[in-house]
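> This is the structure I have questions about; it appears just below.
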Amino acid sequence: MTGSPSPRAGGSGATRGCSGCPHPVGHQDLLHPVSPSANATKCTGSSAGAWYDRALGSCFDGLATSITFNLTSLNLSLPKNLVFGIAYNTSDYGYAPYGHSTACHSTPEGCPYDSLNIGLSQDPTNLSSGNRPQPGTIFQNSPLAGEYCDGGTRGTSVFRLDSPGAPCWGVSTSDEAPWYIPAVEFTAS
């Protein structure tokens with residue numbers, strides 16, 4: 001499957017709510033493996049529809065894989081603080097949604113890109129270096145007001161800080177640490 005995650009740090013409409021964000025710095029089309037087909041024999045009941053891993057003897061709904069964005073060709077000089085975004089297209093969402101006329105859309109399995117997710121980690125529990133100037137908040141871009149902790153009052157469909165000054169991405173309770181954060185690693189030379 002070809003995905004289109006786009007490392008972007010702001011952009012034309014995206015800089016609203018993102019004071020000082022630069023324009024997009026790059027785009028890469030990446031290949032991402034699709035999880036194996038469902039195993040109706042081994043994965044039943046609450047695991048129905050999952051695939052079976054023989055080595056682990058367990059059923060799984062997804063396939064966790066790491067993706068590396070290589071931005072060295074951009075010769076970037078990054079600032080001390082970095083805001084990043086990860087975007088990908090699905091049938092209905094993304095910078096260029098695929099729509100409903102694709103071959104996979106008419107199959108019982110649907111389109112694999114409609115089930116892509118971004119792994120989460122916990123801050124400060126799993127933060128190994130760096131710091132979070134605004135803990136408990138994230139930057140995001142969604143057309144759905146309900147996806148924002150502020151109910152979309154500061155705008156939707158723009159890459160912006162969700163609820164500045166009001167942490168709301170807590171693991172157990174929305175306003176207390178540890179916080180959910182995208183599980184990413186940046187390496188600089």
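The way I read the labels, and the way they are meant: chains A, B, ... in the order of the structure tokens, residue 1 as the first residue of every chain, and ligand 1 as the first ligand shown, with later ones counted on from there.
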Env of region 91-99 of chain A: 9 Å cut, atoms = only C-alpha atoms, seq-sep filter 5 positions within chain, self excluded. Answer as a list in words.
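Selected residues are His105, Cys111, Tyr113, Asp114, Ser142 and Pro143 of chain A.
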> Produce a file of the selected residues containing C-alpha atoms, as a tab-separated table (two decimals), in the first residue's frame.

chain	number	residue	atom	x	y	z
A	105	HIS	CA	-13.88	0.63	-1.32
A	111	CYS	CA	-9.50	0.22	2.05
A	113	TYR	CA	-5.59	3.34	4.37
A	114	ASP	CA	-8.89	4.02	6.15
A	142	SER	CA	-9.28	18.04	11.60
A	143	PRO	CA	-12.47	19.04	9.81
> Quick one: residues within 10 Å of Pro36 (chain A), only C-alpha atoms counted, chain neighbours fewer than 3 positions away excluded, as a PDB file with N, CA and C atoms, in the first residue's frame?

ATOM      1  N   PRO A  33       3.500  -1.414   5.036  1.00  0.00           N
ATOM      2  CA  PRO A  33       2.912  -2.749   4.883  1.00  0.00           C
ATOM      3  C   PRO A  33       1.478  -2.794   5.406  1.00  0.00           C
ATOM      4  N   ASN A  39      -8.272 -13.858  10.014  1.00  0.00           N
ATOM      5  CA  ASN A  39      -8.250 -15.305  10.178  1.00  0.00           C
ATOM      6  C   ASN A  39      -9.517 -15.701  10.939  1.00  0.00           C
ATOM      7  N   ALA A  50      -9.775 -10.027  13.079  1.00  0.00           N
ATOM      8  CA  ALA A  50      -8.343  -9.783  13.287  1.00  0.00           C
ATOM      9  C   ALA A  50      -7.521 -10.806  12.505  1.00  0.00           C
ATOM     10  N   TRP A  51      -6.222 -10.548  12.403  1.00  0.00           N
ATOM     11  CA  TRP A  51      -5.308 -11.495  11.769  1.00  0.00           C
ATOM     12  C   TRP A  51      -4.558 -12.249  12.861  1.00  0.00           C
ATOM     13  N   TYR A  52      -4.039 -13.420  12.516  1.00  0.00           N
ATOM     14  CA  TYR A  52      -3.397 -14.286  13.499  1.00  0.00           C
ATOM     15  C   TYR A  52      -1.895 -14.324  13.284  1.00  0.00           C
ATOM     16  N   ASP A  53      -1.130 -14.084  14.361  1.00  0.00           N
ATOM     17  CA  ASP A  53       0.322 -14.159  14.327  1.00  0.00           C
ATOM     18  C   ASP A  53       0.720 -15.514  14.908  1.00  0.00           C
ATOM     19  N   PHE A  60      -4.437  -9.968  16.173  1.00  0.00           N
ATOM     20  CA  PHE A  60      -4.182  -8.533  16.199  1.00  0.00           C
ATOM     21  C   PHE A  60      -5.083  -7.812  15.198  1.00  0.00           C
ATOM     22  N   ASP A  61      -5.523  -6.631  15.570  1.00  0.00           N
ATOM     23  CA  ASP A  61      -6.351  -5.827  14.681  1.00  0.00           C
ATOM     24  C   ASP A  61      -5.514  -4.997  13.715  1.00  0.00           C
ATOM     25  N   GLY A  62      -4.314  -4.665  14.084  1.00  0.00           N
ATOM     26  CA  GLY A  62      -3.471  -3.817  13.250  1.00  0.00           C
ATOM     27  C   GLY A  62      -2.077  -4.372  13.141  1.00  0.00           C
ATOM     28  N   LEU A  63      -1.232  -3.636  12.467  1.00  0.00           N
ATOM     29  CA  LEU A  63       0.161  -4.030  12.293  1.00  0.00           C
ATOM     30  C   LEU A  63       1.024  -2.814  12.596  1.00  0.00           C
TER      31      LEU A  63
END
> Kindly give the distance, in Å, that separates CA of Glu185 (chain A) and CA of Ser121 (chain A), rounded to a single decimal.
11.0 Å
> Determine the nearest neighbour of Pro108 (chain A) from the options A:Gln140, A:Gln28, A:Ser37, A:Thr65, counting only C-alpha atoms.
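Among the listed residues, the smallest separation from Pro108 (chain A) belongs to A:Ser37.
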> Can you work out the spacing between CA of Asp162 (chain A) and CA of Pro178 (chain A) in Å, to one decimal?
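Interatomic distance, CA of Asp162 (chain A) to CA of Pro178 (chain A): 17.0 Å.
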> Set the distance at 10 Å and use only C-alpha atoms: which residues neighbour Asp150 (chain A) once local chain neighbours fewer than 5 positions away are removed? I'd like the list as a PDB file with C-alpha atoms, in the first residue's frame.

ATOM      1  CA  ALA A 145     -15.009  20.126  15.650  1.00  0.00           C
ATOM      2  CA  GLY A 155     -11.201  26.827  14.028  1.00  0.00           C
ATOM      3  CA  ASP A 162      -5.514  22.482  20.318  1.00  0.00           C
ATOM      4  CA  SER A 163      -6.539  24.220  23.549  1.00  0.00           C
ATOM      5  CA  PRO A 164      -3.479  26.388  24.312  1.00  0.00           C
ATOM      6  CA  ALA A 166      -5.705  24.174  28.806  1.00  0.00           C
ATOM      7  CA  CYS A 168      -6.668  18.065  27.654  1.00  0.00           C
TER       8      CYS A 168
END
> Apply DSSP to the structure's backbone, then extract all residues of region 102-143 of chain A labelled strand (DSSP E or B) and return them as JSON, numbers by chain.
{"A": [120, 121, 122, 123, 139, 140]}
> Identify which of the residues A:Asp175, A:Ser58, A:Asp29, A:Val34 lies closest to Tyr88 (chain A), counting only C-alpha atoms when measuring atom-to-atom distances.
A:Asp29
> If you run DSSP on the backbone here, which positions in region 33-183 of chain A get helix (DSSP H, G or I)? Please write them as a ChimeraX atom specification.
/A:45-47,72-74,103-106,112-115,145-147
